Number of protein chains: 4
Amino acid sequence: MKLLFLTGTRADYGKLKRLIEASVDFKAEVSIFITGMHMLRRYGDTHEEITKNHLSSCNLHKFINQNIYSTMDEVLSKTVLGLSDYVKECKPDAIVLHGDRVETLAGAIVASFNNIPSFHIEGGEVSGTLDELIRHSVSKLATFHLVSNFEAKHRLLKMGEAEETVKIIGSPDIDVMLSSELPEIDLVKKHYGISFAEYSILLFHPVTTEINDIDHQINTVLNGIAASNKNCVVIYPNNDNGSDAIIARYEKLNDQFKVFPSMRFEAFITLLKHSMLIIGNSSAGVREAPYFGIATLNIGSRQYSRVNHESVINIGFDEKTISKAMFGYWGKKFQPAMLFGNGRSAKNFISVIESVDLKTTSIQKHFVNY
Amino acid sequence: MKLLFLTGTRADYGKLKRLIEASVDFKAEVSIFITGMHMLRRYGDTHEEITKNHLSSCNLHKFINQNIYSTMDEVLSKTVLGLSDYVKECKPDAIVLHGDRVETLAGAIVASFNNIPSFHIEGGEVSGTLDELIRHSVSKLATFHLVSNFEAKHRLLKMGEAEETVKIIGSPDIDVMLSSELPEIDLVKKHYGISFAEYSILLFHPVTTEINDIDHQINTVLNGIAASNKNCVVIYPNNDNGSDAIIARYEKLNDQFKVFPSMRFEAFITLLKHSMLIIGNSSAGVREAPYFGIATLNIGSRQYSRVNHESVINIGFDEKTISKAMFGYWGKKFQPAMLFGNGRSAKNFISVIESVDLKTTSIQKHFVNY
Amino acid sequence: MKLLFLTGTRADYGKLKRLIEASVDFKAEVSIFITGMHMLRRYGDTHEEITKNHLSSCNLHKFINQNIYSTMDEVLSKTVLGLSDYVKECKPDAIVLHGDRVETLAGAIVASFNNIPSFHIEGGEVSGTLDELIRHSVSKLATFHLVSNFEAKHRLLKMGEAEETVKIIGSPDIDVMLSSELPEIDLVKKHYGISFAEYSILLFHPVTTEINDIDHQINTVLNGIAASNKNCVVIYPNNDNGSDAIIARYEKLNDQFKVFPSMRFEAFITLLKHSMLIIGNSSAGVREAPYFGIATLNIGSRQYSRVNHESVINIGFDEKTISKAMFGYWGKKFQPAMLFGNGRSAKNFISVIESVDLKTTSIQKHFVNY
Amino acid sequence: MKLLFLTGTRADYGKLKRLIEASVDFKAEVSIFITGMHMLRRYGDTHEEITKNHLSSCNLHKFINQNIYSTMDEVLSKTVLGLSDYVKECKPDAIVLHGDRVETLAGAIVASFNNIPSFHIEGGEVSGTLDELIRHSVSKLATFHLVSNFEAKHRLLKMGEAEETVKIIGSPDIDVMLSSELPEIDLVKKHYGISFAEYSILLFHPVTTEINDIDHQINTVLNGIAASNKNCVVIYPNNDNGSDAIIARYEKLNDQFKVFPSMRFEAFITLLKHSMLIIGNSSAGVREAPYFGIATLNIGSRQYSRVNHESVINIGFDEKTISKAMFGYWGKKFQPAMLFGNGRSAKNFISVIESVDLKTTSIQKHFVNY
């Protein structure tokens, strides 16, 4: 079985990594199409980490799908062309896609337009920004849906997907989180040069549908944190339209903050586990943080209605509220909540691909009325 | 209000034309992005007809999105680039998209990625082939849904679209069908050089997901018709992957058949109205034909479960069955059925755009759980 | 005979227009591929002027080859794709190219790669900037060379082009200059709202190979003119890399200056004829201005060694020198010099295409050692 | 010093390899952009050989620039985009280009449009087909010219290139030919399964400018060889337009012939050294073969006037002439001739890059009149 994995961000790679390793163990012939932020120096050239991890066991194909002048639709267009040429050489039996990014949509298009079955990881969830539109659009193109929890499955069934194509496998990042192989916090701090005793983590992505407000948004968040006088580890946003403005602000931060273009997923998880709280609008706040029982200050519309849990505090763009919440929730502990699986998604993934006969699978779908 | 219409096939233009005219009457500033089959000599250079109809009242932009070597994903990619560049110059307030073609998906991507609201005509329906995947994928990207009937609306609501964004306007082709301005049958026959007294109409499109079977399929259909000895007016398929094989067969047909690369929509409707039956797998068979009470021999999976009506006879790829059905249903009359609106879709379309404030409309969507 | 003309700037259109009209009179079937700056609102949407002039007599195809984020190599790449798709539909017997722009190179590539003979207008000249490289690169791809003067011809022969493929026809803009149909100066001033009694003309293009120096260059030039206190009519640069910086400066100019994004070629010629001098680095200064005997203050390297004539004063980037030269040469008259033909280039062009058998012309070339 | 090498065919890699190795030894930071035929399974996936040779010492970037449906201008366009994105990440001080292929032109465009100096290897030579146009067109864009012999240098000077930019380094393939490390003939025959005692070598490329005649040409050549009854080792053509027809014919050859999609350059050289003669239209016949004193039956226009030497016998497309020449020149020995250097091109290459200050080199050129 020839499986092609598509990865475009450090976040999706953090998740796909376990599935890739499990597929190699399962004796699948694995190829990885590495594109998006991985290929950009500005975001840490993370393609090198992927190469180190999989060079001996997988076919790697790297594709630069953008430069700093590229608009998102140009990125989509280029990714479609590059992946299309690659599948004509690689001839995979199936393509594994993750999430809700522009590269995911490109992958779903190339798969369906070339009659190649696709597995879509973590569909059926809800959020804000353009990602919300892309995620569901991909679901309606994808052949199989390997989702995180029952809510996601239920949503896909309502959308007309056939029950036998929707499988709950849990979120692969939870496998990493619950793994016994996470690095020690001291090692992580040393490796990344973080000397803060206590710290929060800030991850803030642009909301493409609110792009004109982005300067105001990031200023408000940074001022709120600054006013709290608490140390903060900051990680760059995804490279969506608007990320330039955020990064420009980060480059002027003082010593209260420590900024990284990217971080290895395992190191990030350890850092998160020992943080006082997480702030921003990243999915890490609403998905991973609750597993450790720490507070999430979730700002704005990006993770709109994604999770309803007591440790996730939704707040608007207001400096004082942010600064006050930094104090109020600093180090506070909640009951841990396993909302996105129990750490066995890689195992479940293999069970699914084992049960499917890709040679006879058609990409044709029929809307199911339940 | 600046409205941009996207048209890629004679079929969608046949429908959009009425909406374009109504928009001009409504004093909207109308632009038309003309691409796809319209630009190809092989398919009759139908961009010339559009130019003739709208040059004085609309901005026309023509874009060749393919050559004979282009694969469908390349066509998508090129259309995204071409339309993206155009909207940056044209700056429309909204884009009007129709149906389920590769150009439609390109349009929905450019609209959502550039924060431009979109109106999607005839979403929410079901069929077979890749169109089925594209149609729903477009729905999850589009801002407003202007559908043909209640079933389509119901399906979109289940898919999570907000009720206030889904409006039943009916199918615009019905406006043409029920119009008093259709040309006379004698004029049509004369213009196109059709001398048959009685005739059927064949419209057969490739099913992209069954592409390896296409030779066998078209041969079976043509042999079945040939065996019936009944005259047949044939119109070229859409230019999906696989259309080459069908056209190659058409070029060898004898005098029992009369073949056209394309036909003006109004002329086609008159021809359909006076035909003995329609055969193939076109949407014309399941949507328009029932309005005239004539029989539709619907072959294969393409219009899978689109319509359940007594005049639509579903049959498989079997020469004898086809030939027998040609005899059995020749000239048979059924009770006419208005399944896709009552001919007022253009009027309804204007009511919708009149009621929407495009300046404040966000393309952001939130999944609605009913 | 089917001739396809390619135009990407107001400047090349000003020249090609006469050849297009002559070709129509000659009963050639003429198509025009309109792209580049013509299609951009920022540069005055000059495609509309072309449409008005030729809609009734030529096939027009418009293609947007860039947006504000496009780099020059992306523009080349897109133009190649767009023109390639167009020639596959249009099937011209030959393509007529002009000058030394990115679109010209794209045209020469598409012509030679598709075995279509090409006529290159105004090859064999020398200048500075990237244009110099492109011009000669195009010459080595082009089939026929229709040049301005003997020097250009001589250079092409040295470069290995066969003598029978190099014809001196003169520069087509001279046809316009020497035409009796030029508009009156009063009409031009009124139409463009120019109230200056005496004025200079500034045309300054970015030198792509000196791009880091562009801010300093344009500031020096504008300060030099400002210091002279003389009125100045300014026209936007071509859209090469670096033009943004120039335009940004133009937007802040005071009433001493009058700025235009573009101007009709005939109007420009009349304006030039009545100007006190021309300043900048445009080819208009070294080619057209000497015909009227007015002074050219030619600044920097762009027109490097293009013309050696007493009315062309070469100066560097120095405010004082510029300001002083503005005074010194204001209204000074030189002996007119016809360096680029005598106004019969359109007639000569027709003689050439009349004498060539395009059906049997091969694009294959052999280096000729003289 | 960061050097970026561009390779698109096994032939140019065979040459560039020595320069790459010498550059690594010289402590340059070397990147290789691997594209074109290297990336296609059909042509032997030769990117794998490059990876094996340089993975530990160079940065490798692989880019698929075509699929089986791509036309040559599409390949150029895609290569420009892919290389443009890569140089924006890689930021080389110079790009090293070889020869006269579509990828070479793409490289020269990206280099000059991005203000990056380029070294062009083996410019200034003459041949037939589109390559002739591309080679000289590249020369007029390239910054430095590292040529094979005095004739090439002389031609470039005539074309207006400055003397200090044109250096004779010899042809790098001669380094390989004259190397003491060539594999033994027995090993080569064993490795490739060649059991012929005596054999000729056929290398026949499509002449893109004679594309309609390609079937006739290859049939004539193969029939001529077949009639001679002499064994023949055949190697696939380059993937120019027309190669499909040649390959289709090769697939039907009988045991008199032994066909390979590609061959390692060193193995090919050993095989050539021990062959009875070489036939076809490859540059190997006119460049390398004379070094070994064997006969070259050079057919048609492709190597038009490239070399004038007694061992190169120019013949037309005529079966009898070919068959007769196969007999007449079989195993005939000529005086070896070193027309393209003496095997020290890698050493000379390093001397050149050592002597150039890339940081201050401008890509701007000025036509030199000698």
# chains A, B, ... in the order shown; residues from 1 in each chain; ligands from 1
>>> residues_around(residues="range 111-114 of chain B", least_positions_apart="3", cutoff="7 Å", atoms="only C-alpha atoms", output="PyMOL selection string")
(chain A and resi 72-73) or (chain B and resi 95+107-108+117-118+141+363)
>>> residues_around(residues="range 312-323 of chain D", least_positions_apart="2", cutoff="6 Å", atoms="only C-alpha atoms", output="PDB file with all heavy atoms, in the first residue's frame")
ATOM      1  N   THR D 220      13.385   5.833 -40.852  1.00  0.00           N
ATOM      2  CA  THR D 220      14.487   5.739 -41.809  1.00  0.00           C
ATOM      3  C   THR D 220      15.776   5.302 -41.114  1.00  0.00           C
ATOM      4  O   THR D 220      16.490   4.404 -41.577  1.00  0.00           O
ATOM      5  CB  THR D 220      14.702   7.104 -42.496  1.00  0.00           C
ATOM      6  OG1 THR D 220      13.469   7.520 -43.064  1.00  0.00           O
ATOM      7  CG2 THR D 220      15.773   7.014 -43.563  1.00  0.00           C
ATOM      8  N   GLY D 224      17.577   1.727 -41.660  1.00  0.00           N
ATOM      9  CA  GLY D 224      18.952   1.727 -42.172  1.00  0.00           C
ATOM     10  C   GLY D 224      19.859   0.865 -41.298  1.00  0.00           C
ATOM     11  O   GLY D 224      20.654   0.060 -41.804  1.00  0.00           O
ATOM     12  N   ILE D 225      19.744   1.017 -39.993  1.00  0.00           N
ATOM     13  CA  ILE D 225      20.564   0.203 -39.084  1.00  0.00           C
ATOM     14  C   ILE D 225      20.164  -1.261 -39.181  1.00  0.00           C
ATOM     15  O   ILE D 225      21.014  -2.152 -39.248  1.00  0.00           O
ATOM     16  CB  ILE D 225      20.419   0.709 -37.630  1.00  0.00           C
ATOM     17  CG1 ILE D 225      20.880   2.173 -37.532  1.00  0.00           C
ATOM     18  CG2 ILE D 225      21.219  -0.169 -36.678  1.00  0.00           C
ATOM     19  CD1 ILE D 225      20.645   2.808 -36.176  1.00  0.00           C
ATOM     20  N   ALA D 227      18.943  -2.859 -41.620  1.00  0.00           N
ATOM     21  CA  ALA D 227      19.427  -3.440 -42.880  1.00  0.00           C
ATOM     22  C   ALA D 227      20.908  -3.803 -42.803  1.00  0.00           C
ATOM     23  O   ALA D 227      21.381  -4.697 -43.514  1.00  0.00           O
ATOM     24  CB  ALA D 227      19.187  -2.463 -44.029  1.00  0.00           C
ATOM     25  N   SER D 228      21.632  -3.127 -41.937  1.00  0.00           N
ATOM     26  CA  SER D 228      23.075  -3.402 -41.818  1.00  0.00           C
ATOM     27  C   SER D 228      23.345  -4.690 -41.041  1.00  0.00           C
ATOM     28  O   SER D 228      24.460  -5.211 -41.059  1.00  0.00           O
ATOM     29  CB  SER D 228      23.773  -2.239 -41.112  1.00  0.00           C
ATOM     30  OG  SER D 228      23.502  -2.302 -39.715  1.00  0.00           O
ATOM     31  N   THR D 296      31.559   8.945 -36.587  1.00  0.00           N
ATOM     32  CA  THR D 296      30.232   9.434 -36.226  1.00  0.00           C
ATOM     33  C   THR D 296      29.396   9.566 -37.482  1.00  0.00           C
ATOM     34  O   THR D 296      29.763  10.299 -38.402  1.00  0.00           O
ATOM     35  CB  THR D 296      30.351  10.816 -35.563  1.00  0.00           C
ATOM     36  OG1 THR D 296      31.107  10.680 -34.362  1.00  0.00           O
ATOM     37  CG2 THR D 296      28.975  11.393 -35.263  1.00  0.00           C
ATOM     38  N   LEU D 297      28.280   8.810 -37.520  1.00  0.00           N
ATOM     39  CA  LEU D 297      27.339   9.021 -38.621  1.00  0.00           C
ATOM     40  C   LEU D 297      26.315  10.034 -38.123  1.00  0.00           C
ATOM     41  O   LEU D 297      25.395   9.706 -37.375  1.00  0.00           O
ATOM     42  CB  LEU D 297      26.678   7.702 -39.020  1.00  0.00           C
ATOM     43  CG  LEU D 297      27.635   6.555 -39.366  1.00  0.00           C
ATOM     44  CD1 LEU D 297      26.867   5.334 -39.896  1.00  0.00           C
ATOM     45  CD2 LEU D 297      28.684   6.996 -40.393  1.00  0.00           C
ATOM     46  N   ASN D 298      26.514  11.285 -38.505  1.00  0.00           N
ATOM     47  CA  ASN D 298      25.692  12.376 -38.006  1.00  0.00           C
ATOM     48  C   ASN D 298      24.550  12.653 -38.980  1.00  0.00           C
ATOM     49  O   ASN D 298      24.773  13.097 -40.095  1.00  0.00           O
ATOM     50  CB  ASN D 298      26.565  13.627 -37.836  1.00  0.00           C
ATOM     51  CG  ASN D 298      25.762  14.793 -37.320  1.00  0.00           C
ATOM     52  OD1 ASN D 298      25.069  14.669 -36.314  1.00  0.00           O
ATOM     53  ND2 ASN D 298      25.831  15.918 -38.016  1.00  0.00           N
ATOM     54  N   ILE D 299      23.329  12.407 -38.534  1.00  0.00           N
ATOM     55  CA  ILE D 299      22.195  12.402 -39.450  1.00  0.00           C
ATOM     56  C   ILE D 299      21.316  13.627 -39.258  1.00  0.00           C
ATOM     57  O   ILE D 299      20.904  13.950 -38.150  1.00  0.00           O
ATOM     58  CB  ILE D 299      21.361  11.124 -39.242  1.00  0.00           C
ATOM     59  CG1 ILE D 299      22.282   9.901 -39.420  1.00  0.00           C
ATOM     60  CG2 ILE D 299      20.211  11.064 -40.231  1.00  0.00           C
ATOM     61  CD1 ILE D 299      21.586   8.590 -39.225  1.00  0.00           C
ATOM     62  N   GLY D 300      21.038  14.305 -40.360  1.00  0.00           N
ATOM     63  CA  GLY D 300      20.089  15.416 -40.324  1.00  0.00           C
ATOM     64  C   GLY D 300      20.708  16.717 -39.857  1.00  0.00           C
ATOM     65  O   GLY D 300      21.931  16.899 -39.841  1.00  0.00           O
ATOM     66  N   HIS D 309      35.029  17.961 -38.917  1.00  0.00           N
ATOM     67  CA  HIS D 309      36.160  17.066 -38.640  1.00  0.00           C
ATOM     68  C   HIS D 309      35.982  15.800 -39.462  1.00  0.00           C
ATOM     69  O   HIS D 309      34.857  15.347 -39.683  1.00  0.00           O
ATOM     70  CB  HIS D 309      36.212  16.751 -37.138  1.00  0.00           C
ATOM     71  CG  HIS D 309      37.433  15.977 -36.742  1.00  0.00           C
ATOM     72  ND1 HIS D 309      37.391  14.642 -36.416  1.00  0.00           N
ATOM     73  CD2 HIS D 309      38.724  16.360 -36.635  1.00  0.00           C
ATOM     74  CE1 HIS D 309      38.614  14.237 -36.118  1.00  0.00           C
ATOM     75  NE2 HIS D 309      39.441  15.259 -36.239  1.00  0.00           N
ATOM     76  N   GLU D 310      37.079  15.182 -39.897  1.00  0.00           N
ATOM     77  CA  GLU D 310      36.967  14.072 -40.854  1.00  0.00           C
ATOM     78  C   GLU D 310      36.227  12.853 -40.306  1.00  0.00           C
ATOM     79  O   GLU D 310      35.637  12.082 -41.057  1.00  0.00           O
ATOM     80  CB  GLU D 310      38.374  13.634 -41.327  1.00  0.00           C
ATOM     81  CG  GLU D 310      39.259  13.257 -40.157  1.00  0.00           C
ATOM     82  CD  GLU D 310      40.528  12.487 -40.576  1.00  0.00           C
ATOM     83  OE1 GLU D 310      40.643  12.120 -41.750  1.00  0.00           O
ATOM     84  OE2 GLU D 310      41.367  12.249 -39.691  1.00  0.00           O
ATOM     85  N   ALA D 325      26.800   3.237 -44.928  1.00  0.00           N
ATOM     86  CA  ALA D 325      27.775   3.888 -44.049  1.00  0.00           C
ATOM     87  C   ALA D 325      28.063   3.029 -42.824  1.00  0.00           C
ATOM     88  O   ALA D 325      29.183   3.025 -42.297  1.00  0.00           O
ATOM     89  CB  ALA D 325      27.277   5.272 -43.639  1.00  0.00           C
ATOM     90  N   MET D 326      27.059   2.317 -42.347  1.00  0.00           N
ATOM     91  CA  MET D 326      27.259   1.421 -41.199  1.00  0.00           C
ATOM     92  C   MET D 326      28.371   0.419 -41.525  1.00  0.00           C
ATOM     93  O   MET D 326      29.242   0.136 -40.687  1.00  0.00           O
ATOM     94  CB  MET D 326      25.961   0.653 -40.883  1.00  0.00           C
ATOM     95  CG  MET D 326      24.843   1.467 -40.272  1.00  0.00           C
ATOM     96  SD  MET D 326      25.111   1.907 -38.521  1.00  0.00           S
ATOM     97  CE  MET D 326      24.960   0.287 -37.736  1.00  0.00           C
TER      98      MET D 326
END
>>> residues_around(residues="Ala152 in chain B", least_positions_apart="4", cutoff="12 Å", atoms="only C-alpha atoms", output="PDB file with C-alpha atoms, in the first residue's frame")
ATOM      1  CA  PHE A 367     -25.202  12.232  -0.246  1.00  0.00           C
ATOM      2  CA  ASN A 369     -30.018  11.380   4.082  1.00  0.00           C
TER       3      ASN A 369
ATOM      4  CA  ILE B 121     -26.928  29.068  -7.854  1.00  0.00           C
ATOM      5  CA  GLU B 122     -28.380  25.528  -7.783  1.00  0.00           C
ATOM      6  CA  GLY B 123     -26.463  24.149  -4.838  1.00  0.00           C
ATOM      7  CA  GLY B 124     -27.878  21.477  -2.572  1.00  0.00           C
ATOM      8  CA  GLU B 125     -28.833  19.080  -5.354  1.00  0.00           C
ATOM      9  CA  VAL B 126     -27.478  15.565  -5.825  1.00  0.00           C
ATOM     10  CA  SER B 127     -26.055  13.717  -8.808  1.00  0.00           C
ATOM     11  CA  ARG B 135     -21.136  21.022  -5.795  1.00  0.00           C
ATOM     12  CA  HIS B 136     -21.176  20.371  -2.053  1.00  0.00           C
ATOM     13  CA  SER B 139     -21.599  25.088  -0.935  1.00  0.00           C
ATOM     14  CA  HIS B 145     -27.231  29.723  -1.687  1.00  0.00           C
ATOM     15  CA  LEU B 146     -29.939  30.390  -4.264  1.00  0.00           C
ATOM     16  CA  VAL B 147     -31.506  26.985  -4.805  1.00  0.00           C
ATOM     17  CA  SER B 148     -34.070  25.374  -7.056  1.00  0.00           C
ATOM     18  CA  LEU B 156     -28.012  22.700   2.745  1.00  0.00           C
ATOM     19  CA  LEU B 157     -29.539  23.333   6.152  1.00  0.00           C
ATOM     20  CA  LYS B 158     -28.535  19.831   7.218  1.00  0.00           C
ATOM     21  CA  MET B 159     -25.017  20.597   5.971  1.00  0.00           C
ATOM     22  CA  GLU B 161     -25.662  26.454   6.390  1.00  0.00           C
ATOM     23  CA  VAL B 166     -30.425  29.785   1.728  1.00  0.00           C
ATOM     24  CA  LYS B 167     -33.133  31.070  -0.604  1.00  0.00           C
ATOM     25  CA  ILE B 168     -35.353  29.111  -2.987  1.00  0.00           C
ATOM     26  CA  ILE B 169     -35.421  31.000  -6.271  1.00  0.00           C
ATOM     27  CA  GLY B 170     -36.084  28.132  -8.690  1.00  0.00           C
ATOM     28  CA  SER B 171     -33.854  27.076 -11.544  1.00  0.00           C
ATOM     29  CA  ARG B 306     -31.191  13.459  -8.639  1.00  0.00           C
ATOM     30  CA  VAL B 307     -34.858  13.163  -9.449  1.00  0.00           C
ATOM     31  CA  LEU B 339     -39.786  20.210  -9.975  1.00  0.00           C
ATOM     32  CA  PHE B 340     -37.287  23.072 -10.206  1.00  0.00           C
ATOM     33  CA  GLY B 341     -39.290  26.247  -9.917  1.00  0.00           C
TER      34      GLY B 341
END
>>> interface_residues(of="chain D", to="chain A", cutoff="8 Å", atoms="only C-alpha atoms", output="MDAnalysis selection string")
chainID D and resid 40:41 61:67 82 85:86 88:89
>>> write_last_selection(atoms="C-alpha atoms", output="short mmCIF file (atom, residue, chain, number, x, y, z; two decimals), in the first residue's frame")
data_model
loop_
_atom_site.label_atom_id
_atom_site.label_comp_id
_atom_site.auth_asym_id
_atom_site.auth_seq_id
_atom_site.Cartn_x
_atom_site.Cartn_y
_atom_site.Cartn_z
CA LEU D 40 10.58 11.39 -14.37
CA ARG D 41 10.24 7.67 -13.80
CA HIS D 61 16.26 20.71 -4.20
CA LYS D 62 14.12 18.58 -6.48
CA PHE D 63 11.41 20.08 -8.63
CA ILE D 64 9.09 18.26 -11.04
CA ASN D 65 8.64 20.70 -13.91
CA GLN D 66 6.41 18.63 -16.17
CA ASN D 67 4.02 15.76 -16.64
CA GLY D 82 9.82 26.85 -9.11
CA ASP D 85 10.69 30.50 -5.30
CA TYR D 86 13.80 28.48 -4.56
CA LYS D 88 14.25 33.46 -2.73
CA GLU D 89 14.94 30.87 0.01
#
>>> residues_around(residues="His205 in chain C", least_positions_apart="5", cutoff="9 Å", atoms="only C-alpha atoms", output="PyMOL selection string")
chain C and resi 236-240+242-243+246+280-282+302
>>> residues_around(residues="range 21-28 of chain A", least_positions_apart="4", cutoff="10 Å", atoms="only C-alpha atoms", output="ChimeraX atom specification")
/A:1-4,16-17,53-54,57-58,345-350,353-354
>>> decode(residues="range 156-194 of chain D", atoms="C-alpha atoms", output="PDB file, in the first residue's frame")
ATOM      1  CA  LEU D 156      30.381  35.364 -28.105  1.00  0.00           C
ATOM      2  CA  LEU D 157      32.676  38.332 -28.573  1.00  0.00           C
ATOM      3  CA  LYS D 158      31.087  39.002 -31.937  1.00  0.00           C
ATOM      4  CA  MET D 159      27.708  38.837 -30.220  1.00  0.00           C
ATOM      5  CA  GLY D 160      28.772  41.767 -28.070  1.00  0.00           C
ATOM      6  CA  GLU D 161      29.844  40.076 -24.849  1.00  0.00           C
ATOM      7  CA  ALA D 162      32.693  41.724 -22.961  1.00  0.00           C
ATOM      8  CA  GLU D 163      36.019  39.902 -23.247  1.00  0.00           C
ATOM      9  CA  GLU D 164      36.587  39.733 -19.493  1.00  0.00           C
ATOM     10  CA  THR D 165      33.346  37.753 -19.115  1.00  0.00           C
ATOM     11  CA  VAL D 166      34.232  35.008 -21.614  1.00  0.00           C
ATOM     12  CA  LYS D 167      36.643  32.293 -20.413  1.00  0.00           C
ATOM     13  CA  ILE D 168      37.757  29.148 -22.206  1.00  0.00           C
ATOM     14  CA  ILE D 169      37.635  26.316 -19.678  1.00  0.00           C
ATOM     15  CA  GLY D 170      37.048  23.359 -22.009  1.00  0.00           C
ATOM     16  CA  SER D 171      34.077  21.038 -21.952  1.00  0.00           C
ATOM     17  CA  PRO D 172      33.611  19.307 -18.560  1.00  0.00           C
ATOM     18  CA  ASP D 173      32.670  16.016 -20.164  1.00  0.00           C
ATOM     19  CA  ILE D 174      36.189  15.799 -21.487  1.00  0.00           C
ATOM     20  CA  ASP D 175      37.393  15.715 -17.883  1.00  0.00           C
ATOM     21  CA  VAL D 176      35.364  12.559 -17.475  1.00  0.00           C
ATOM     22  CA  MET D 177      36.543  11.109 -20.785  1.00  0.00           C
ATOM     23  CA  LEU D 178      40.177  11.603 -20.063  1.00  0.00           C
ATOM     24  CA  SER D 179      39.877  10.558 -16.451  1.00  0.00           C
ATOM     25  CA  SER D 180      41.682   7.460 -15.263  1.00  0.00           C
ATOM     26  CA  GLU D 181      38.630   6.495 -13.235  1.00  0.00           C
ATOM     27  CA  LEU D 182      36.396   5.351 -16.083  1.00  0.00           C
ATOM     28  CA  PRO D 183      34.810   1.939 -15.423  1.00  0.00           C
ATOM     29  CA  GLU D 184      36.097  -1.096 -17.347  1.00  0.00           C
ATOM     30  CA  ILE D 185      34.140  -2.113 -20.445  1.00  0.00           C
ATOM     31  CA  ASP D 186      33.484  -5.603 -19.096  1.00  0.00           C
ATOM     32  CA  LEU D 187      31.927  -4.209 -15.964  1.00  0.00           C
ATOM     33  CA  VAL D 188      29.757  -1.828 -17.942  1.00  0.00           C
ATOM     34  CA  LYS D 189      28.537  -4.534 -20.309  1.00  0.00           C
ATOM     35  CA  LYS D 190      27.794  -6.829 -17.417  1.00  0.00           C
ATOM     36  CA  HIS D 191      25.997  -4.179 -15.394  1.00  0.00           C
ATOM     37  CA  TYR D 192      23.767  -3.186 -18.305  1.00  0.00           C
ATOM     38  CA  GLY D 193      23.333  -6.712 -19.662  1.00  0.00           C
ATOM     39  CA  ILE D 194      24.924  -5.990 -23.027  1.00  0.00           C
TER      40      ILE D 194
END
